[in-house]
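Below is the file my_file_18.pdb, which contains PDB, C-alpha atoms.
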ATOM      1  CA  MET A1288       0.000   0.000   0.000  1.00  0.00           C
ATOM      2  CA  LEU A1289       1.273   3.423  -0.937  1.00  0.00           C
ATOM      3  CA  ARG A1290       1.516   6.035   1.741  1.00  0.00           C
ATOM      4  CA  PHE A1291       0.834   9.705   0.948  1.00  0.00           C
ATOM      5  CA  GLU A1292       1.977  12.649   2.918  1.00  0.00           C
ATOM      6  CA  THR A1293      -1.236  14.649   2.362  1.00  0.00           C
ATOM      7  CA  LYS A1294      -4.845  13.985   1.475  1.00  0.00           C
ATOM      8  CA  MET A1295      -4.500  16.112  -1.659  1.00  0.00           C
ATOM      9  CA  LEU A1296      -1.727  14.014  -3.052  1.00  0.00           C
ATOM     10  CA  ALA A1297      -3.798  10.902  -2.454  1.00  0.00           C
ATOM     11  CA  GLN A1298      -6.788  12.286  -4.325  1.00  0.00           C
ATOM     12  CA  GLY A1299      -4.589  13.345  -7.258  1.00  0.00           C
ATOM     13  CA  TYR A1300      -3.149   9.845  -7.507  1.00  0.00           C
ATOM     14  CA  GLU A1301      -6.652   8.343  -7.504  1.00  0.00           C
ATOM     15  CA  LYS A1302      -7.852  10.595 -10.377  1.00  0.00           C
ATOM     16  CA  ARG A1303      -4.865   9.783 -12.555  1.00  0.00           C
ATOM     17  CA  ALA A1304      -5.296   6.056 -11.993  1.00  0.00           C
ATOM     18  CA  ILE A1305      -8.982   6.181 -13.008  1.00  0.00           C
ATOM     19  CA  ALA A1306      -8.133   8.158 -16.152  1.00  0.00           C
ATOM     20  CA  ARG A1307      -5.550   5.586 -17.211  1.00  0.00           C
ATOM     21  CA  ARG A1308      -8.071   2.763 -16.854  1.00  0.00           C
ATOM     22  CA  ARG A1309     -10.721   4.606 -18.949  1.00  0.00           C
ATOM     23  CA  HIS A1310      -8.393   5.157 -21.877  1.00  0.00           C
ATOM     24  CA  HIS A1311      -6.768   1.702 -21.783  1.00  0.00           C
ATOM     25  CA  ARG A1312      -7.770  -0.638 -24.620  1.00  0.00           C
ATOM     26  CA  TYR A1313      -7.966  -4.255 -23.474  1.00  0.00           C
ATOM     27  CA  GLU A1314      -7.297  -7.091 -25.908  1.00  0.00           C
ATOM     28  CA  ARG A1315     -10.347  -9.272 -26.489  1.00  0.00           C
ATOM     29  CA  LEU A1316      -9.741 -12.916 -25.635  1.00  0.00           C
ATOM     30  CA  PRO A1317     -10.857 -15.568 -28.154  1.00  0.00           C
ATOM     31  CA  GLU A1318     -13.898 -17.673 -27.324  1.00  0.00           C
ATOM     32  CA  THR A1319     -11.781 -20.790 -27.261  1.00  0.00           C
ATOM     33  CA  VAL A1320      -8.172 -21.102 -26.317  1.00  0.00           C
ATOM     34  CA  SER A1321      -6.113 -23.946 -27.732  1.00  0.00           C
ATOM     35  CA  ILE A1322      -3.701 -25.484 -25.278  1.00  0.00           C
ATOM     36  CA  GLU A1323      -0.634 -27.046 -26.812  1.00  0.00           C
ATOM     37  CA  ARG A1324       0.182 -30.370 -25.286  1.00  0.00           C
ATOM     38  CA  LEU A1325       3.631 -30.736 -23.832  1.00  0.00           C
ATOM     39  CA  ARG A1326       5.812 -33.099 -25.763  1.00  0.00           C
ATOM     40  CA  ALA A1327       6.694 -36.288 -23.958  1.00  0.00           C
ATOM     41  CA  ARG A1328      10.191 -36.375 -22.607  1.00  0.00           C
ATOM     42  CA  ARG A1329      12.659 -38.103 -24.818  1.00  0.00           C
ATOM     43  CA  HIS A1330      13.158 -41.698 -23.752  1.00  0.00           C
ATOM     44  CA  VAL A1331      16.426 -42.093 -21.898  1.00  0.00           C
ATOM     45  CA  GLU A1332      18.226 -45.364 -22.472  1.00  0.00           C
ATOM     46  CA  PRO A1333      19.347 -47.068 -19.237  1.00  0.00           C
ATOM     47  CA  GLU A1334      23.069 -47.113 -18.576  1.00  0.00           C
ATOM     48  CA  ARG A1335      24.770 -50.385 -19.448  1.00  0.00           C
ATOM     49  CA  LEU A1336      28.100 -51.611 -18.156  1.00  0.00           C
ATOM     50  CA  LEU A1337      30.082 -54.776 -17.690  1.00  0.00           C
ATOM     51  CA  THR A1338      29.073 -56.263 -14.356  1.00  0.00           C
ATOM     52  CA  THR A1339      29.774 -59.471 -12.463  1.00  0.00           C
ATOM     53  CA  VAL A1340      26.792 -60.855 -10.582  1.00  0.00           C
ATOM     54  CA  LEU A1341      26.938 -63.183  -7.586  1.00  0.00           C
ATOM     55  CA  PHE A1342      23.998 -65.309  -6.466  1.00  0.00           C
ATOM     56  CA  VAL A1343      24.108 -67.160  -3.144  1.00  0.00           C
ATOM     57  CA  ASP A1344      21.580 -69.233  -1.193  1.00  0.00           C
ATOM     58  CA  ILE A1345      21.457 -71.827   1.580  1.00  0.00           C
ATOM     59  CA  VAL A1346      21.333 -75.511   0.717  1.00  0.00           C
ATOM     60  CA  GLY A1347      18.629 -77.471   2.530  1.00  0.00           C
ATOM     61  CA  SER A1348      17.072 -74.450   4.218  1.00  0.00           C
ATOM     62  CA  THR A1349      13.575 -75.962   4.352  1.00  0.00           C
ATOM     63  CA  GLU A1350      14.787 -78.932   6.402  1.00  0.00           C
ATOM     64  CA  LYS A1351      16.693 -76.625   8.752  1.00  0.00           C
ATOM     65  CA  VAL A1352      13.621 -74.444   9.357  1.00  0.00           C
ATOM     66  CA  ALA A1353      11.560 -77.549  10.163  1.00  0.00           C
ATOM     67  CA  ARG A1354      14.188 -78.746  12.629  1.00  0.00           C
ATOM     68  CA  LEU A1355      14.950 -75.441  14.352  1.00  0.00           C
ATOM     69  CA  GLY A1356      11.575 -73.696  14.227  1.00  0.00           C
ATOM     70  CA  ASP A1357      10.860 -70.201  12.956  1.00  0.00           C
ATOM     71  CA  ARG A1358      12.257 -68.251  15.916  1.00  0.00           C
ATOM     72  CA  ARG A1359      15.620 -69.999  16.079  1.00  0.00           C
ATOM     73  CA  TRP A1360      15.892 -70.014  12.284  1.00  0.00           C
ATOM     74  CA  ASN A1361      15.370 -66.245  12.129  1.00  0.00           C
ATOM     75  CA  GLY A1362      18.246 -65.883  14.582  1.00  0.00           C
ATOM     76  CA  VAL A1363      20.447 -68.046  12.374  1.00  0.00           C
ATOM     77  CA  LEU A1364      19.494 -65.959   9.332  1.00  0.00           C
ATOM     78  CA  GLY A1365      20.544 -62.809  11.131  1.00  0.00           C
ATOM     79  CA  HIS A1366      24.048 -64.203  11.686  1.00  0.00           C
ATOM     80  CA  TYR A1367      24.073 -65.613   8.144  1.00  0.00           C
ATOM     81  CA  TYR A1368      23.377 -62.282   6.462  1.00  0.00           C
ATOM     82  CA  ALA A1369      25.834 -60.507   8.749  1.00  0.00           C
ATOM     83  CA  ALA A1370      28.550 -62.942   7.604  1.00  0.00           C
ATOM     84  CA  LEU A1371      27.673 -62.461   3.907  1.00  0.00           C
ATOM     85  CA  ARG A1372      27.708 -58.668   4.197  1.00  0.00           C
ATOM     86  CA  LYS A1373      31.043 -58.652   5.986  1.00  0.00           C
ATOM     87  CA  GLU A1374      32.674 -60.546   3.102  1.00  0.00           C
ATOM     88  CA  LEU A1375      30.826 -58.396   0.562  1.00  0.00           C
ATOM     89  CA  ARG A1376      32.264 -55.217   2.062  1.00  0.00           C
ATOM     90  CA  ALA A1377      35.749 -56.726   2.182  1.00  0.00           C
ATOM     91  CA  ASN A1378      35.590 -57.469  -1.549  1.00  0.00           C
ATOM     92  CA  ARG A1379      33.932 -54.180  -2.560  1.00  0.00           C
ATOM     93  CA  GLY A1380      30.712 -55.748  -3.786  1.00  0.00           C
ATOM     94  CA  ARG A1381      27.281 -54.151  -3.634  1.00  0.00           C
ATOM     95  CA  GLU A1382      24.222 -55.900  -2.277  1.00  0.00           C
ATOM     96  CA  ILE A1383      21.204 -55.570  -4.558  1.00  0.00           C
ATOM     97  CA  THR A1384      18.562 -57.680  -2.839  1.00  0.00           C
ATOM     98  CA  THR A1385      17.903 -60.624  -0.561  1.00  0.00           C
ATOM     99  CA  THR A1386      15.380 -63.346  -1.348  1.00  0.00           C
ATOM    100  CA  GLY A1387      14.383 -65.543   1.555  1.00  0.00           C
ATOM    101  CA  ASP A1388      17.757 -67.107   2.368  1.00  0.00           C
ATOM    102  CA  GLY A1389      19.550 -65.881  -0.750  1.00  0.00           C
ATOM    103  CA  MET A1390      21.396 -62.786  -1.883  1.00  0.00           C
ATOM    104  CA  LEU A1391      22.193 -61.031  -5.152  1.00  0.00           C
ATOM    105  CA  ALA A1392      25.292 -58.833  -5.269  1.00  0.00           C
ATOM    106  CA  ILE A1393      27.170 -57.109  -8.084  1.00  0.00           C
ATOM    107  CA  PHE A1394      30.800 -56.207  -8.706  1.00  0.00           C
ATOM    108  CA  ASP A1395      31.688 -53.565 -11.274  1.00  0.00           C
ATOM    109  CA  ARG A1396      34.665 -53.157 -13.606  1.00  0.00           C
ATOM    110  CA  GLN A1397      36.791 -55.919 -15.071  1.00  0.00           C
ATOM    111  CA  THR A1398      38.534 -56.725 -11.768  1.00  0.00           C
ATOM    112  CA  GLY A1399      35.112 -57.385 -10.270  1.00  0.00           C
ATOM    113  CA  ALA A1400      35.132 -60.960 -11.595  1.00  0.00           C
ATOM    114  CA  ALA A1401      38.072 -61.999  -9.418  1.00  0.00           C
ATOM    115  CA  ARG A1402      36.645 -60.148  -6.421  1.00  0.00           C
ATOM    116  CA  ALA A1403      33.281 -61.866  -6.871  1.00  0.00           C
ATOM    117  CA  VAL A1404      34.934 -65.303  -6.925  1.00  0.00           C
ATOM    118  CA  ARG A1405      36.992 -64.527  -3.834  1.00  0.00           C
ATOM    119  CA  CYS A1406      33.906 -63.173  -2.097  1.00  0.00           C
ATOM    120  CA  ALA A1407      31.894 -66.321  -2.853  1.00  0.00           C
ATOM    121  CA  THR A1408      34.604 -68.623  -1.463  1.00  0.00           C
ATOM    122  CA  ALA A1409      34.991 -66.423   1.641  1.00  0.00           C
ATOM    123  CA  MET A1410      31.217 -66.524   2.197  1.00  0.00           C
ATOM    124  CA  ARG A1411      31.286 -70.294   1.903  1.00  0.00           C
ATOM    125  CA  GLN A1412      33.890 -70.502   4.656  1.00  0.00           C
ATOM    126  CA  ALA A1413      32.223 -67.888   6.870  1.00  0.00           C
ATOM    127  CA  VAL A1414      28.800 -69.562   6.992  1.00  0.00           C
ATOM    128  CA  HIS A1415      30.339 -72.997   7.546  1.00  0.00           C
ATOM    129  CA  THR A1416      31.003 -71.935  11.145  1.00  0.00           C
ATOM    130  CA  LEU A1417      27.226 -71.425  11.500  1.00  0.00           C
ATOM    131  CA  GLY A1418      26.564 -75.002  10.425  1.00  0.00           C
ATOM    132  CA  LEU A1419      25.280 -73.856   7.039  1.00  0.00           C
ATOM    133  CA  GLU A1420      26.126 -74.865   3.496  1.00  0.00           C
ATOM    134  CA  ILE A1421      25.665 -72.504   0.586  1.00  0.00           C
ATOM    135  CA  ARG A1422      25.861 -72.713  -3.177  1.00  0.00           C
ATOM    136  CA  ALA A1423      26.984 -69.800  -5.323  1.00  0.00           C
ATOM    137  CA  GLY A1424      26.867 -68.832  -8.987  1.00  0.00           C
ATOM    138  CA  VAL A1425      28.941 -66.123 -10.657  1.00  0.00           C
ATOM    139  CA  HIS A1426      28.391 -64.700 -14.139  1.00  0.00           C
ATOM    140  CA  ALA A1427      29.573 -61.601 -16.018  1.00  0.00           C
ATOM    141  CA  GLY A1428      28.010 -59.572 -18.801  1.00  0.00           C
ATOM    142  CA  ASP A1429      26.347 -56.324 -19.787  1.00  0.00           C
ATOM    143  CA  CYS A1430      23.914 -55.154 -17.147  1.00  0.00           C
ATOM    144  CA  GLU A1431      21.336 -52.350 -17.168  1.00  0.00           C
ATOM    145  CA  LEU A1432      21.390 -49.921 -14.266  1.00  0.00           C
ATOM    146  CA  ILE A1433      17.801 -49.049 -13.321  1.00  0.00           C
ATOM    147  CA  GLY A1434      17.842 -46.611 -10.421  1.00  0.00           C
ATOM    148  CA  ASP A1435      19.350 -48.503  -7.515  1.00  0.00           C
ATOM    149  CA  GLY A1436      18.601 -51.850  -9.151  1.00  0.00           C
ATOM    150  CA  VAL A1437      19.900 -53.829 -12.097  1.00  0.00           C
ATOM    151  CA  GLY A1438      18.355 -55.706 -14.985  1.00  0.00           C
ATOM    152  CA  GLY A1439      19.229 -57.783 -18.009  1.00  0.00           C
ATOM    153  CA  ILE A1440      19.799 -61.352 -19.130  1.00  0.00           C
ATOM    154  CA  VAL A1441      22.996 -61.455 -17.050  1.00  0.00           C
ATOM    155  CA  LEU A1442      20.824 -61.845 -13.953  1.00  0.00           C
ATOM    156  CA  HIS A1443      18.877 -64.788 -15.353  1.00  0.00           C
ATOM    157  CA  ILE A1444      22.037 -66.596 -16.392  1.00  0.00           C
ATOM    158  CA  GLY A1445      23.689 -65.928 -13.030  1.00  0.00           C
ATOM    159  CA  ALA A1446      20.709 -67.422 -11.184  1.00  0.00           C
ATOM    160  CA  ARG A1447      20.779 -70.511 -13.442  1.00  0.00           C
ATOM    161  CA  VAL A1448      24.508 -70.968 -12.846  1.00  0.00           C
ATOM    162  CA  MET A1449      23.873 -70.990  -9.099  1.00  0.00           C
ATOM    163  CA  ALA A1450      21.061 -73.519  -9.531  1.00  0.00           C
ATOM    164  CA  LYS A1451      23.586 -75.953 -11.055  1.00  0.00           C
ATOM    165  CA  ALA A1452      25.861 -75.756  -8.015  1.00  0.00           C
ATOM    166  CA  GLY A1453      25.810 -78.323  -5.239  1.00  0.00           C
ATOM    167  CA  ALA A1454      26.401 -77.885  -1.501  1.00  0.00           C
ATOM    168  CA  ASN A1455      29.516 -75.781  -0.784  1.00  0.00           C
ATOM    169  CA  GLU A1456      30.128 -75.301  -4.514  1.00  0.00           C
ATOM    170  CA  VAL A1457      30.967 -72.067  -6.294  1.00  0.00           C
ATOM    171  CA  LEU A1458      30.291 -72.301 -10.028  1.00  0.00           C
ATOM    172  CA  VAL A1459      31.274 -69.655 -12.561  1.00  0.00           C
ATOM    173  CA  SER A1460      30.500 -69.186 -16.227  1.00  0.00           C
ATOM    174  CA  SER A1461      33.129 -69.144 -18.974  1.00  0.00           C
ATOM    175  CA  ALA A1462      32.676 -65.352 -19.161  1.00  0.00           C
ATOM    176  CA  VAL A1463      33.875 -65.041 -15.563  1.00  0.00           C
ATOM    177  CA  LYS A1464      36.809 -67.409 -16.042  1.00  0.00           C
ATOM    178  CA  ALA A1465      37.955 -65.368 -19.040  1.00  0.00           C
ATOM    179  CA  LEU A1466      38.071 -62.227 -16.888  1.00  0.00           C
ATOM    180  CA  VAL A1467      39.968 -63.776 -13.978  1.00  0.00           C
ATOM    181  CA  THR A1468      43.723 -63.372 -14.413  1.00  0.00           C
ATOM    182  CA  GLU A1469      44.823 -64.143 -10.859  1.00  0.00           C
ATOM    183  CA  ALA A1470      46.928 -67.301 -10.705  1.00  0.00           C
ATOM    184  CA  GLU A1471      45.814 -68.225  -7.183  1.00  0.00           C
ATOM    185  CA  ILE A1472      42.231 -68.895  -8.320  1.00  0.00           C
ATOM    186  CA  ALA A1473      41.981 -72.426  -9.722  1.00  0.00           C
ATOM    187  CA  PHE A1474      39.052 -73.858 -11.679  1.00  0.00           C
ATOM    188  CA  GLU A1475      37.812 -77.284 -12.644  1.00  0.00           C
ATOM    189  CA  ASP A1476      35.955 -77.681 -15.926  1.00  0.00           C
ATOM    190  CA  ARG A1477      32.409 -78.920 -15.273  1.00  0.00           C
ATOM    191  CA  GLY A1478      31.448 -79.193 -18.934  1.00  0.00           C
ATOM    192  CA  VAL A1479      28.813 -77.554 -21.094  1.00  0.00           C
ATOM    193  CA  HIS A1480      25.321 -77.172 -19.646  1.00  0.00           C
ATOM    194  CA  ARG A1481      21.954 -76.121 -20.926  1.00  0.00           C
ATOM    195  CA  LEU A1482      20.548 -73.502 -18.566  1.00  0.00           C
ATOM    196  CA  LYS A1483      16.795 -73.253 -18.119  1.00  0.00           C
ATOM    197  CA  GLY A1484      15.336 -70.431 -20.205  1.00  0.00           C
ATOM    198  CA  VAL A1485      18.656 -69.687 -21.945  1.00  0.00           C
ATOM    199  CA  SER A1486      18.997 -70.638 -25.602  1.00  0.00           C
ATOM    200  CA  GLU A1487      22.790 -70.953 -25.740  1.00  0.00           C
ATOM    201  CA  ARG A1488      24.674 -73.633 -23.833  1.00  0.00           C
ATOM    202  CA  CYS A1489      27.094 -72.443 -21.198  1.00  0.00           C
ATOM    203  CA  ARG A1490      30.389 -73.958 -20.043  1.00  0.00           C
ATOM    204  CA  LEU A1491      30.705 -73.948 -16.268  1.00  0.00           C
ATOM    205  CA  TYR A1492      33.702 -74.164 -13.972  1.00  0.00           C
ATOM    206  CA  ARG A1493      33.946 -75.091 -10.295  1.00  0.00           C
ATOM    207  CA  VAL A1494      36.170 -72.975  -8.076  1.00  0.00           C
ATOM    208  CA  LEU A1495      38.686 -75.189  -6.275  1.00  0.00           C
TER
END
Once you've parsed the file, please lay out its structure as structure tokens.
Amino acid sequence: MLRFETKMLAQGYEKRAIARRRHHRYERLPETVSIERLRARRHVEPERLLTTVLFVDIVGSTEKVARLGDRRWNGVLGHYYAALRKELRANRGREITTTGDGMLAIFDRQTGAARAVRCATAMRQAVHTLGLEIRAGVHAGDCELIGDGVGGIVLHIGARVMAKAGANEVLVSSAVKALVTEAEIAFEDRGVHRLKGVSERCRLYRVL
């Protein structure tokens, strides 16, 4: 609100304002106004990069739950996941999700393949002290980054590789073996396998 020093000045301001409004020519609006729709944002392709995936789960978990009961089993799972995460941090892996008694983790860059293998063998040893046996599958390939998650066929193959493993076994695909250059990691050829849902056969190797 404007403040005026005298009543006369206020009245003069009011008269001039009214005169301006009388002589102003307003633009007539059309009866209908067309509203232009905003163009949809350009689709952004998800980022893709070479990633090593590690799948782990407990062998014979159903029988252990039946023997221990839900309460004691939940306590065991707490120690189990703590052991997995400790080894994951030590090998610079990233946890993506847990599924019941399993875990999916990823390792980026080319050196991630060796770290994933070392992590899987360390997890195997760590949970053995809890009276548990795990199986692990490791695979490498192009992966899509979707927010904090990942996607792509590499996940399906990694899960199928794990499904082929037995108790206390760590299996890797030929793609992982090709990326591992460390001499201290030894492999045993387990032959060519057909993985469920995957058209191409895959050669698997057991970590010794």
Selection result for the PyMOL selection byres ((chain A and resi 1438) around 12) on this file, as a list of chain:residue names: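 So the PyMOL selection byres ((chain A and resi 1438) around 12), applied here, picks out A:Pro1333, A:Glu1334, A:Arg1335, A:Leu1336, A:Thr1338, A:Val1340, A:Ile1383, A:Leu1391, A:Ile1393, A:Gly1428, A:Asp1429, A:Cys1430, A:Glu1431, A:Leu1432, A:Ile1433, A:Gly1434, A:Asp1435, A:Gly1436, A:Val1437, A:Gly1439, A:Ile1440, A:Val1441, A:Leu1442, A:His1443, A:Ile1444, A:Gly1445.
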Residues matched by the PyMOL selection byres ((chain A and resi 1454) around 8) as a list in words: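 Checking the PyMOL selection byres ((chain A and resi 1454) around 8) against this file, the residues are Val1346, Glu1420, Ile1421, Arg1422, Ala1452, Gly1453, Asn1455 and Glu1456 of chain A.
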A:Ala1427, A:Val1363, A:Ala1403, A:Ala1450 ranked by distance to Leu1337 of chain A, top pick (using only C-alpha atoms): A:Ala1427
Atom CA of Arg1396 of chain A to atom CA of Thr1468 of chain A, straight-line distance in Å: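 Value for the atom CA of Thr1468 of chain A-atom CA of Arg1396 of chain A distance: 13.7 Å.
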Given all atoms listed in the file as the counted atoms, nearest of A:Glu1350, A:Asp1357, A:Glu1487, A:Glu1469 to Val1404 of chain A: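 Closest residue, counting all atoms listed in the file: A:Glu1469.
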Atom-to-atom span, atom CA of Arg1381 of chain A and atom CA of Ala1462 of chain A, Å: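 That distance, rounded to one decimal, is 19.9 Å.
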Among the residues A:His1366, A:Lys1451, A:Lys1351, A:Arg1372, the one that comes closest to Val1479 of chain A [using all atoms listed in the file]: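 With all atoms listed in the file as the atom set, the closest residue is A:Lys1451.
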Distance of atom CA of Leu1419 of chain A from atom CA of His1480 of chain A, expressed in Å to one decimal place: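 Rounded to one decimal, the two atoms are 26.9 Å apart.
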Residue contacts of Glu1374 of chain A (12 Å, all atoms listed in the file) excluding same-chain residues fewer than 5 positions away, as a VMD selection string: chain A and resid 1367 to 1369 1379 to 1382 1392 1402 to 1414
Selection result for the PyMOL selection byres ((chain A and resi 1343) around 6) on this file, as JSON, numbers by chain: {"A": [1342, 1344, 1389, 1390, 1422, 1423]}
Within 9 Å of file point (31.8, -79.9, -15.3), counting only C-alpha atoms, expressed as a list in words: Glu1475, Asp1476, Arg1477, Gly1478, Val1479, His1480, Arg1490, Leu1491, Tyr1492 and Arg1493 of chain A
Using the selection just defined, write its residues with C-alpha atoms as a CSV table (one decimal), in the frame of the given file.
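Result file is part12.csv:
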chain,number,residue,atom,x,y,z
A,1475,GLU,CA,37.8,-77.3,-12.6
A,1476,ASP,CA,36.0,-77.7,-15.9
A,1477,ARG,CA,32.4,-78.9,-15.3
A,1478,GLY,CA,31.4,-79.2,-18.9
A,1479,VAL,CA,28.8,-77.6,-21.1
A,1480,HIS,CA,25.3,-77.2,-19.6
A,1490,ARG,CA,30.4,-74.0,-20.0
A,1491,LEU,CA,30.7,-73.9,-16.3
A,1492,TYR,CA,33.7,-74.2,-14.0
A,1493,ARG,CA,33.9,-75.1,-10.3
